[in-house]
>>> print(open('model-v4.txt').read())   # compact mmCIF, N, CA and C atoms
# COMPACT_ATOMS: atom_id res chain seq x y z
N MET A 102 -33.55 -44.61 -8.60
CA MET A 102 -32.15 -44.59 -8.23
C MET A 102 -31.86 -43.34 -7.42
N SER A 103 -31.19 -43.52 -6.37
CA SER A 103 -30.81 -42.35 -5.58
C SER A 103 -29.32 -42.09 -5.78
N ARG A 104 -29.01 -40.85 -5.84
CA ARG A 104 -27.60 -40.47 -6.00
C ARG A 104 -26.99 -40.27 -4.63
N MET A 105 -25.83 -40.76 -4.52
CA MET A 105 -25.09 -40.50 -3.29
C MET A 105 -24.38 -39.18 -3.47
N SER A 106 -24.63 -38.29 -2.56
CA SER A 106 -23.99 -36.99 -2.69
C SER A 106 -22.61 -37.05 -2.07
N ASP A 107 -21.64 -36.70 -2.88
CA ASP A 107 -20.27 -36.67 -2.39
C ASP A 107 -20.04 -35.33 -1.71
N PRO A 108 -19.75 -35.36 -0.44
CA PRO A 108 -19.50 -34.08 0.22
C PRO A 108 -18.20 -33.47 -0.34
N LYS A 109 -18.28 -32.18 -0.62
CA LYS A 109 -17.10 -31.49 -1.14
C LYS A 109 -16.09 -31.36 -0.02
N PRO A 110 -14.84 -31.50 -0.35
CA PRO A 110 -13.83 -31.32 0.70
C PRO A 110 -13.85 -29.87 1.18
N ALA A 111 -13.67 -29.70 2.45
CA ALA A 111 -13.70 -28.36 3.02
C ALA A 111 -12.52 -27.56 2.48
N ARG A 112 -12.79 -26.30 2.16
CA ARG A 112 -11.72 -25.44 1.65
C ARG A 112 -10.75 -25.15 2.77
N ARG A 113 -9.51 -25.12 2.42
CA ARG A 113 -8.47 -24.81 3.39
C ARG A 113 -8.55 -23.32 3.73
N GLN A 114 -8.40 -23.02 5.00
CA GLN A 114 -8.43 -21.62 5.41
C GLN A 114 -7.19 -20.92 4.84
N ARG A 115 -7.38 -19.70 4.37
CA ARG A 115 -6.28 -18.95 3.77
C ARG A 115 -5.21 -18.70 4.82
N ARG A 116 -3.99 -19.06 4.47
CA ARG A 116 -2.88 -18.90 5.39
C ARG A 116 -2.00 -17.75 4.95
N GLN A 117 -1.29 -17.17 5.90
CA GLN A 117 -0.35 -16.11 5.58
C GLN A 117 1.03 -16.58 5.99
N PHE A 118 2.01 -16.24 5.16
CA PHE A 118 3.37 -16.68 5.40
C PHE A 118 4.29 -15.48 5.53
N THR A 119 5.30 -15.63 6.35
CA THR A 119 6.27 -14.54 6.53
C THR A 119 7.16 -14.47 5.29
N GLU A 120 7.79 -13.33 5.12
CA GLU A 120 8.72 -13.17 4.00
C GLU A 120 9.89 -14.14 4.13
N GLU A 121 10.31 -14.43 5.35
CA GLU A 121 11.41 -15.37 5.57
C GLU A 121 11.03 -16.77 5.11
N PHE A 122 9.81 -17.18 5.43
CA PHE A 122 9.34 -18.51 5.00
C PHE A 122 9.31 -18.59 3.48
N LYS A 123 8.76 -17.54 2.85
CA LYS A 123 8.69 -17.52 1.39
C LYS A 123 10.08 -17.57 0.78
N ALA A 124 11.01 -16.78 1.34
CA ALA A 124 12.38 -16.76 0.82
C ALA A 124 13.03 -18.13 0.96
N GLY A 125 12.77 -18.80 2.06
CA GLY A 125 13.34 -20.14 2.26
C GLY A 125 12.79 -21.14 1.25
N ALA A 126 11.49 -21.07 1.00
CA ALA A 126 10.88 -21.97 0.02
C ALA A 126 11.42 -21.69 -1.38
N VAL A 127 11.55 -20.41 -1.72
CA VAL A 127 12.08 -20.03 -3.03
C VAL A 127 13.54 -20.50 -3.17
N ARG A 128 14.30 -20.37 -2.09
CA ARG A 128 15.71 -20.78 -2.12
C ARG A 128 15.82 -22.28 -2.41
N LEU A 129 14.91 -23.07 -1.86
CA LEU A 129 14.93 -24.52 -2.13
C LEU A 129 14.76 -24.79 -3.62
N VAL A 130 13.93 -24.00 -4.28
CA VAL A 130 13.67 -24.21 -5.71
C VAL A 130 14.81 -23.66 -6.54
N LEU A 131 15.19 -22.41 -6.30
CA LEU A 131 16.17 -21.76 -7.18
C LEU A 131 17.61 -22.16 -6.89
N ASP A 132 17.97 -22.24 -5.62
CA ASP A 132 19.37 -22.50 -5.28
C ASP A 132 19.70 -23.98 -5.13
N GLU A 133 18.75 -24.76 -4.67
CA GLU A 133 19.02 -26.19 -4.44
C GLU A 133 18.49 -27.06 -5.56
N GLY A 134 17.80 -26.47 -6.53
CA GLY A 134 17.39 -27.21 -7.71
C GLY A 134 16.22 -28.15 -7.53
N LYS A 135 15.49 -28.04 -6.45
CA LYS A 135 14.32 -28.90 -6.26
C LYS A 135 13.18 -28.38 -7.12
N THR A 136 12.24 -29.24 -7.44
CA THR A 136 11.11 -28.82 -8.25
C THR A 136 10.08 -28.10 -7.39
N VAL A 137 9.29 -27.27 -8.04
CA VAL A 137 8.24 -26.55 -7.34
C VAL A 137 7.29 -27.53 -6.68
N GLY A 138 6.90 -28.56 -7.41
CA GLY A 138 5.96 -29.55 -6.86
C GLY A 138 6.50 -30.25 -5.63
N ALA A 139 7.78 -30.63 -5.67
CA ALA A 139 8.37 -31.34 -4.54
C ALA A 139 8.44 -30.45 -3.30
N VAL A 140 8.86 -29.21 -3.49
CA VAL A 140 8.95 -28.29 -2.35
C VAL A 140 7.55 -27.98 -1.82
N ALA A 141 6.59 -27.80 -2.71
CA ALA A 141 5.22 -27.53 -2.28
C ALA A 141 4.68 -28.67 -1.43
N ARG A 142 4.93 -29.91 -1.85
CA ARG A 142 4.48 -31.06 -1.06
C ARG A 142 5.19 -31.10 0.29
N GLU A 143 6.50 -30.85 0.28
CA GLU A 143 7.28 -30.88 1.52
C GLU A 143 6.75 -29.87 2.54
N LEU A 144 6.43 -28.68 2.06
CA LEU A 144 6.05 -27.59 2.96
C LEU A 144 4.54 -27.41 3.08
N ASP A 145 3.77 -28.33 2.51
CA ASP A 145 2.31 -28.27 2.54
C ASP A 145 1.79 -26.95 1.97
N LEU A 146 2.27 -26.63 0.76
CA LEU A 146 1.85 -25.43 0.04
C LEU A 146 1.16 -25.83 -1.25
N THR A 147 0.47 -24.89 -1.86
CA THR A 147 -0.03 -25.14 -3.20
C THR A 147 1.10 -24.82 -4.18
N ALA A 148 1.19 -25.62 -5.21
CA ALA A 148 2.26 -25.43 -6.19
C ALA A 148 2.11 -24.08 -6.89
N SER A 149 0.88 -23.64 -7.10
CA SER A 149 0.68 -22.37 -7.79
C SER A 149 1.18 -21.19 -6.95
N ALA A 150 0.97 -21.23 -5.64
CA ALA A 150 1.46 -20.15 -4.78
C ALA A 150 2.98 -20.12 -4.78
N LEU A 151 3.59 -21.29 -4.64
CA LEU A 151 5.05 -21.36 -4.64
C LEU A 151 5.61 -20.92 -5.99
N ALA A 152 4.99 -21.33 -7.07
CA ALA A 152 5.46 -20.93 -8.40
C ALA A 152 5.40 -19.41 -8.57
N ASP A 153 4.37 -18.79 -8.01
CA ASP A 153 4.25 -17.34 -8.07
C ASP A 153 5.39 -16.68 -7.28
N TRP A 154 5.68 -17.20 -6.10
CA TRP A 154 6.79 -16.66 -5.31
C TRP A 154 8.10 -16.80 -6.07
N VAL A 155 8.29 -17.93 -6.72
CA VAL A 155 9.53 -18.18 -7.47
C VAL A 155 9.64 -17.20 -8.64
N ARG A 156 8.54 -16.99 -9.36
CA ARG A 156 8.55 -16.04 -10.49
C ARG A 156 8.94 -14.64 -10.03
N LYS A 157 8.35 -14.21 -8.92
CA LYS A 157 8.65 -12.88 -8.40
C LYS A 157 10.11 -12.79 -7.94
N ALA A 158 10.60 -13.83 -7.31
CA ALA A 158 12.00 -13.83 -6.85
C ALA A 158 12.96 -13.81 -8.03
N GLN A 159 12.64 -14.56 -9.09
CA GLN A 159 13.49 -14.55 -10.28
C GLN A 159 13.53 -13.16 -10.90
N ALA A 160 12.40 -12.48 -10.94
CA ALA A 160 12.35 -11.13 -11.49
C ALA A 160 13.21 -10.19 -10.66
N ASP A 161 13.13 -10.33 -9.34
CA ASP A 161 13.95 -9.48 -8.47
C ASP A 161 15.44 -9.79 -8.64
N ARG A 162 15.77 -11.07 -8.76
CA ARG A 162 17.18 -11.46 -8.91
C ARG A 162 17.76 -11.00 -10.24
N THR A 163 16.95 -10.98 -11.28
CA THR A 163 17.46 -10.59 -12.61
C THR A 163 17.22 -9.11 -12.89
N LYS A 164 16.82 -8.37 -11.86
CA LYS A 164 16.58 -6.93 -11.96
C LYS A 164 15.57 -6.60 -13.07
N GLY A 165 14.55 -7.42 -13.19
CA GLY A 165 13.45 -7.14 -14.09
C GLY A 165 13.54 -7.75 -15.48
N ARG A 166 14.62 -8.44 -15.78
CA ARG A 166 14.73 -9.04 -17.12
C ARG A 166 13.75 -10.19 -17.33
N SER A 167 13.28 -10.79 -16.25
CA SER A 167 12.35 -11.92 -16.39
C SER A 167 10.97 -11.61 -15.80
N GLY A 168 10.65 -10.34 -15.66
CA GLY A 168 9.34 -9.94 -15.12
C GLY A 168 9.49 -8.69 -14.29
N LEU A 169 8.41 -8.26 -13.67
CA LEU A 169 8.44 -7.05 -12.86
C LEU A 169 9.10 -7.31 -11.51
N THR A 170 9.97 -6.39 -11.11
CA THR A 170 10.57 -6.49 -9.78
C THR A 170 9.54 -6.04 -8.75
N GLY A 171 9.84 -6.27 -7.48
CA GLY A 171 8.94 -5.86 -6.42
C GLY A 171 8.67 -4.36 -6.44
N VAL A 172 9.73 -3.58 -6.66
CA VAL A 172 9.59 -2.12 -6.72
C VAL A 172 8.70 -1.73 -7.90
N GLU A 173 8.90 -2.39 -9.04
CA GLU A 173 8.08 -2.09 -10.22
C GLU A 173 6.61 -2.46 -9.99
N ARG A 174 6.37 -3.59 -9.30
CA ARG A 174 4.99 -3.98 -9.00
C ARG A 174 4.31 -2.95 -8.10
N GLU A 175 5.06 -2.46 -7.09
CA GLU A 175 4.50 -1.44 -6.20
C GLU A 175 4.20 -0.16 -6.97
N GLU A 176 5.12 0.24 -7.85
CA GLU A 176 4.90 1.45 -8.63
C GLU A 176 3.70 1.28 -9.57
N LEU A 177 3.59 0.12 -10.18
CA LEU A 177 2.47 -0.14 -11.08
C LEU A 177 1.14 -0.04 -10.32
N THR A 178 1.08 -0.61 -9.13
CA THR A 178 -0.12 -0.53 -8.30
C THR A 178 -0.45 0.92 -7.97
N ARG A 179 0.56 1.68 -7.58
CA ARG A 179 0.35 3.09 -7.24
C ARG A 179 -0.13 3.88 -8.45
N LEU A 180 0.47 3.63 -9.60
CA LEU A 180 0.09 4.35 -10.81
C LEU A 180 -1.32 3.99 -11.28
N ARG A 181 -1.69 2.74 -11.14
CA ARG A 181 -3.05 2.33 -11.52
C ARG A 181 -4.09 3.02 -10.63
N LYS A 182 -3.79 3.13 -9.35
CA LYS A 182 -4.69 3.82 -8.43
C LYS A 182 -4.80 5.29 -8.82
N GLU A 183 -3.67 5.91 -9.13
CA GLU A 183 -3.66 7.32 -9.53
C GLU A 183 -4.47 7.53 -10.81
N VAL A 184 -4.35 6.63 -11.77
CA VAL A 184 -5.11 6.74 -13.01
C VAL A 184 -6.61 6.65 -12.73
N ARG A 185 -7.03 5.73 -11.85
CA ARG A 185 -8.45 5.62 -11.49
C ARG A 185 -8.95 6.93 -10.89
N GLU A 186 -8.17 7.51 -9.98
CA GLU A 186 -8.57 8.76 -9.35
C GLU A 186 -8.65 9.89 -10.37
N LEU A 187 -7.68 9.98 -11.27
CA LEU A 187 -7.68 11.04 -12.27
C LEU A 187 -8.86 10.90 -13.23
N ARG A 188 -9.18 9.68 -13.60
CA ARG A 188 -10.34 9.46 -14.48
C ARG A 188 -11.63 9.89 -13.79
N SER A 189 -11.73 9.57 -12.51
CA SER A 189 -12.91 9.96 -11.75
C SER A 189 -13.01 11.49 -11.68
N GLU A 190 -11.90 12.15 -11.40
CA GLU A 190 -11.89 13.61 -11.33
C GLU A 190 -12.24 14.22 -12.69
N ARG A 191 -11.75 13.63 -13.76
CA ARG A 191 -12.05 14.13 -15.10
C ARG A 191 -13.54 14.05 -15.39
N GLU A 192 -14.18 12.94 -14.99
CA GLU A 192 -15.62 12.78 -15.20
C GLU A 192 -16.40 13.85 -14.45
N VAL A 193 -15.98 14.14 -13.22
CA VAL A 193 -16.66 15.18 -12.44
C VAL A 193 -16.50 16.53 -13.14
N LEU A 194 -15.31 16.83 -13.62
CA LEU A 194 -15.07 18.11 -14.31
C LEU A 194 -15.87 18.21 -15.61
N LYS A 195 -16.00 17.10 -16.33
CA LYS A 195 -16.82 17.09 -17.56
C LYS A 195 -18.26 17.45 -17.24
N LYS A 196 -18.79 16.82 -16.19
CA LYS A 196 -20.17 17.07 -15.81
C LYS A 196 -20.36 18.51 -15.34
N ALA A 197 -19.39 19.03 -14.60
CA ALA A 197 -19.48 20.42 -14.13
C ALA A 197 -19.42 21.38 -15.31
N ALA A 198 -18.54 21.12 -16.26
CA ALA A 198 -18.42 22.00 -17.43
C ALA A 198 -19.72 21.97 -18.24
N ALA A 199 -20.30 20.80 -18.41
CA ALA A 199 -21.56 20.70 -19.14
C ALA A 199 -22.68 21.44 -18.42
N PHE A 200 -22.71 21.33 -17.09
CA PHE A 200 -23.72 22.03 -16.31
C PHE A 200 -23.61 23.53 -16.46
N PHE A 201 -22.39 24.06 -16.33
CA PHE A 201 -22.21 25.51 -16.42
C PHE A 201 -22.38 26.01 -17.85
N ALA A 202 -22.02 25.22 -18.84
CA ALA A 202 -22.23 25.63 -20.24
C ALA A 202 -23.72 25.72 -20.55
N LYS A 203 -24.50 24.83 -19.98
CA LYS A 203 -25.95 24.84 -20.19
C LYS A 203 -26.57 26.09 -19.58
N ASP A 204 -26.08 26.53 -18.41
CA ASP A 204 -26.61 27.71 -17.74
C ASP A 204 -26.29 29.01 -18.46
N GLN A 205 -25.25 29.05 -19.27
CA GLN A 205 -24.84 30.28 -19.92
C GLN A 205 -25.64 30.58 -21.18
N ARG A 206 -26.44 29.70 -21.64
CA ARG A 206 -27.24 29.91 -22.87
C ARG A 206 -28.37 30.83 -22.65
>>> encode(input="model-v4.txt", output="structure tokens")
Amino acid sequence: MSRMSDPKPARRQRRQFTEEFKAGAVRLVLDEGKTVGAVARELDLTASALADWVRKAQADRTKGRSGLTGVEREELTRLRKEVRELRSEREVLKKAAAFFAKDQR
């Protein structure tokens, strides 16, 4: 028996959308009451991407009561980067202190 190989559908190339487009899509869901799935089909989007945009917009509209606002997300990203850098610097200082402590014996 030979198996027929089903060719996998080609992955869609990653697209980028303007903030205006995203805002318009979110407005259709939040202000006009359409479902995420319906708007996603209308605009040829993935439902998960649109749902993410809607979640972020709801957080911004409620000033963070329903999730992180855009400003909070930016601050969190900046703080995480700073923590990584500080941890790296701490490791270097630990190694330097151990090196110099060994030489003083």
>>> atom_distance(input="model-v4.txt", atom1="CA of Glu121 (chain A)", atom2="CA of Lys157 (chain A)")
14.5 Å
>>> residues_around(input="model-v4.txt", residues="region 174-181 of chain A", least_positions_apart="4", cutoff="12 Å", atoms="only C-alpha atoms", output="list in words")
Lys157, Ala160, Asp161, Gly165, Gly168, Leu169, Thr170, Arg185, Glu186, Leu187 and Arg188 of chain A
>>> select_by_dssp(input="model-v4.txt", residues="chain A", states="helix (DSSP H, G or I)", output="PyMOL selection string")
chain A and resi 120-131+137-144+148-162+171-204
>>> atom_distance(input="model-v4.txt", atom1="CA of Ser149 (chain A)", atom2="CA of Val127 (chain A)")
12.6 Å
>>> atom_distance(input="model-v4.txt", atom1="atom C of Leu151 (chain A)", atom2="atom C of Val137 (chain A)")
6.9 Å
>>> closest_residue(input="model-v4.txt", among="A:Ala158, A:Thr119, A:Ala148, A:Arg113", to="Leu131 (chain A)", atoms="only C-alpha atoms")
A:Ala158
>>> residues_near_point(input="model-v4.txt", point="(6.9, -19.6, -1.1)", cutoff="8 Å", atoms="only N, CA and C atoms", output="compact mmCIF listing (two decimals) with N, CA and C atoms, keeping the file's coordinate frame")
# COMPACT_ATOMS: atom_id res chain seq x y z
N PHE A 118 2.01 -16.24 5.16
CA PHE A 118 3.37 -16.68 5.40
C PHE A 118 4.29 -15.48 5.53
N GLU A 121 10.31 -14.43 5.35
CA GLU A 121 11.41 -15.37 5.57
C GLU A 121 11.03 -16.77 5.11
N PHE A 122 9.81 -17.18 5.43
CA PHE A 122 9.34 -18.51 5.00
C PHE A 122 9.31 -18.59 3.48
N LYS A 123 8.76 -17.54 2.85
CA LYS A 123 8.69 -17.52 1.39
C LYS A 123 10.08 -17.57 0.78
N ALA A 124 11.01 -16.78 1.34
CA ALA A 124 12.38 -16.76 0.82
C ALA A 124 13.03 -18.13 0.96
N GLY A 125 12.77 -18.80 2.06
CA GLY A 125 13.34 -20.14 2.26
C GLY A 125 12.79 -21.14 1.25
N ALA A 126 11.49 -21.07 1.00
CA ALA A 126 10.88 -21.97 0.02
C ALA A 126 11.42 -21.69 -1.38
N VAL A 127 11.55 -20.41 -1.72
CA VAL A 127 12.08 -20.03 -3.03
C VAL A 127 13.54 -20.50 -3.17
N ARG A 128 14.30 -20.37 -2.09
CA ARG A 128 15.71 -20.78 -2.12
C ARG A 128 15.82 -22.28 -2.41
N LEU A 146 2.27 -26.63 0.76
CA LEU A 146 1.85 -25.43 0.04
C LEU A 146 1.16 -25.83 -1.25
N ALA A 150 0.97 -21.23 -5.64
CA ALA A 150 1.46 -20.15 -4.78
C ALA A 150 2.98 -20.12 -4.78
N LEU A 151 3.59 -21.29 -4.64
CA LEU A 151 5.05 -21.36 -4.64
C LEU A 151 5.61 -20.92 -5.99
N ALA A 152 4.99 -21.33 -7.07
CA ALA A 152 5.46 -20.93 -8.40
C ALA A 152 5.40 -19.41 -8.57
N ASP A 153 4.37 -18.79 -8.01
CA ASP A 153 4.25 -17.34 -8.07
C ASP A 153 5.39 -16.68 -7.28
N TRP A 154 5.68 -17.20 -6.10
CA TRP A 154 6.79 -16.66 -5.31
C TRP A 154 8.10 -16.80 -6.07
N VAL A 155 8.29 -17.93 -6.72
CA VAL A 155 9.53 -18.18 -7.47
C VAL A 155 9.64 -17.20 -8.64
>>> closest_residue(input="model-v4.txt", among="A:Lys164, A:Lys109, A:Arg191, A:Arg116", to="Asp145 (chain A)", atoms="only C-alpha atoms")
A:Arg116
>>> decode(input="model-v4.txt", residues="region 163-182 of chain A", atoms="N, CA, C and O atoms", output="PDB file, in the first residue's frame")
ATOM      1  N   THR A 163     -10.061  50.573  29.850  1.00  0.00           N
ATOM      2  CA  THR A 163     -10.450  50.499  31.267  1.00  0.00           C
ATOM      3  C   THR A 163      -9.317  50.942  32.183  1.00  0.00           C
ATOM      4  O   THR A 163      -9.375  50.735  33.391  1.00  0.00           O
ATOM      5  N   LYS A 164      -8.286  51.538  31.594  1.00  0.00           N
ATOM      6  CA  LYS A 164      -7.136  52.052  32.349  1.00  0.00           C
ATOM      7  C   LYS A 164      -6.495  50.966  33.226  1.00  0.00           C
ATOM      8  O   LYS A 164      -6.134  51.211  34.364  1.00  0.00           O
ATOM      9  N   GLY A 165      -6.420  49.768  32.694  1.00  0.00           N
ATOM     10  CA  GLY A 165      -5.703  48.694  33.359  1.00  0.00           C
ATOM     11  C   GLY A 165      -6.524  47.778  34.239  1.00  0.00           C
ATOM     12  O   GLY A 165      -6.008  46.819  34.784  1.00  0.00           O
ATOM     13  N   ARG A 166      -7.805  48.037  34.388  1.00  0.00           N
ATOM     14  CA  ARG A 166      -8.617  47.162  35.244  1.00  0.00           C
ATOM     15  C   ARG A 166      -8.825  45.780  34.631  1.00  0.00           C
ATOM     16  O   ARG A 166      -9.113  44.833  35.344  1.00  0.00           O
ATOM     17  N   SER A 167      -8.668  45.659  33.326  1.00  0.00           N
ATOM     18  CA  SER A 167      -8.867  44.353  32.686  1.00  0.00           C
ATOM     19  C   SER A 167      -7.587  43.822  32.045  1.00  0.00           C
ATOM     20  O   SER A 167      -7.642  42.981  31.168  1.00  0.00           O
ATOM     21  N   GLY A 168      -6.446  44.307  32.488  1.00  0.00           N
ATOM     22  CA  GLY A 168      -5.162  43.848  31.945  1.00  0.00           C
ATOM     23  C   GLY A 168      -4.182  44.998  31.903  1.00  0.00           C
ATOM     24  O   GLY A 168      -4.472  46.097  32.350  1.00  0.00           O
ATOM     25  N   LEU A 169      -3.009  44.751  31.354  1.00  0.00           N
ATOM     26  CA  LEU A 169      -1.982  45.781  31.280  1.00  0.00           C
ATOM     27  C   LEU A 169      -2.288  46.770  30.162  1.00  0.00           C
ATOM     28  O   LEU A 169      -2.643  46.372  29.050  1.00  0.00           O
ATOM     29  N   THR A 170      -2.117  48.056  30.467  1.00  0.00           N
ATOM     30  CA  THR A 170      -2.275  49.072  29.427  1.00  0.00           C
ATOM     31  C   THR A 170      -1.022  49.068  28.562  1.00  0.00           C
ATOM     32  O   THR A 170      -0.013  48.458  28.906  1.00  0.00           O
ATOM     33  N   GLY A 171      -1.076  49.778  27.451  1.00  0.00           N
ATOM     34  CA  GLY A 171       0.076  49.860  26.563  1.00  0.00           C
ATOM     35  C   GLY A 171       1.297  50.433  27.265  1.00  0.00           C
ATOM     36  O   GLY A 171       2.413  49.942  27.108  1.00  0.00           O
ATOM     37  N   VAL A 172       1.081  51.473  28.067  1.00  0.00           N
ATOM     38  CA  VAL A 172       2.186  52.088  28.808  1.00  0.00           C
ATOM     39  C   VAL A 172       2.771  51.093  29.806  1.00  0.00           C
ATOM     40  O   VAL A 172       3.998  50.982  29.947  1.00  0.00           O
ATOM     41  N   GLU A 173       1.902  50.338  30.473  1.00  0.00           N
ATOM     42  CA  GLU A 173       2.373  49.344  31.441  1.00  0.00           C
ATOM     43  C   GLU A 173       3.156  48.223  30.751  1.00  0.00           C
ATOM     44  O   GLU A 173       4.164  47.747  31.274  1.00  0.00           O
ATOM     45  N   ARG A 174       2.697  47.809  29.556  1.00  0.00           N
ATOM     46  CA  ARG A 174       3.411  46.771  28.811  1.00  0.00           C
ATOM     47  C   ARG A 174       4.809  47.253  28.419  1.00  0.00           C
ATOM     48  O   ARG A 174       5.785  46.513  28.523  1.00  0.00           O
ATOM     49  N   GLU A 175       4.897  48.522  27.971  1.00  0.00           N
ATOM     50  CA  GLU A 175       6.204  49.081  27.608  1.00  0.00           C
ATOM     51  C   GLU A 175       7.119  49.150  28.824  1.00  0.00           C
ATOM     52  O   GLU A 175       8.305  48.817  28.734  1.00  0.00           O
ATOM     53  N   GLU A 176       6.569  49.579  29.958  1.00  0.00           N
ATOM     54  CA  GLU A 176       7.373  49.669  31.173  1.00  0.00           C
ATOM     55  C   GLU A 176       7.833  48.276  31.620  1.00  0.00           C
ATOM     56  O   GLU A 176       8.983  48.092  32.021  1.00  0.00           O
ATOM     57  N   LEU A 177       6.952  47.303  31.537  1.00  0.00           N
ATOM     58  CA  LEU A 177       7.305  45.940  31.920  1.00  0.00           C
ATOM     59  C   LEU A 177       8.440  45.415  31.039  1.00  0.00           C
ATOM     60  O   LEU A 177       9.396  44.807  31.537  1.00  0.00           O
ATOM     61  N   THR A 178       8.371  45.664  29.743  1.00  0.00           N
ATOM     62  CA  THR A 178       9.431  45.243  28.828  1.00  0.00           C
ATOM     63  C   THR A 178      10.750  45.910  29.195  1.00  0.00           C
ATOM     64  O   THR A 178      11.794  45.257  29.250  1.00  0.00           O
ATOM     65  N   ARG A 179      10.700  47.210  29.464  1.00  0.00           N
ATOM     66  CA  ARG A 179      11.913  47.950  29.831  1.00  0.00           C
ATOM     67  C   ARG A 179      12.495  47.420  31.138  1.00  0.00           C
ATOM     68  O   ARG A 179      13.706  47.210  31.253  1.00  0.00           O
ATOM     69  N   LEU A 180      11.643  47.167  32.114  1.00  0.00           N
ATOM     70  CA  LEU A 180      12.110  46.680  33.408  1.00  0.00           C
ATOM     71  C   LEU A 180      12.696  45.271  33.312  1.00  0.00           C
ATOM     72  O   LEU A 180      13.691  44.958  33.968  1.00  0.00           O
ATOM     73  N   ARG A 181      12.093  44.426  32.498  1.00  0.00           N
ATOM     74  CA  ARG A 181      12.631  43.075  32.318  1.00  0.00           C
ATOM     75  C   ARG A 181      14.025  43.119  31.693  1.00  0.00           C
ATOM     76  O   ARG A 181      14.917  42.369  32.086  1.00  0.00           O
ATOM     77  N   LYS A 182      14.208  44.009  30.727  1.00  0.00           N
ATOM     78  CA  LYS A 182      15.520  44.163  30.107  1.00  0.00           C
ATOM     79  C   LYS A 182      16.530  44.652  31.137  1.00  0.00           C
ATOM     80  O   LYS A 182      17.662  44.153  31.208  1.00  0.00           O
TER      81      LYS A 182
END
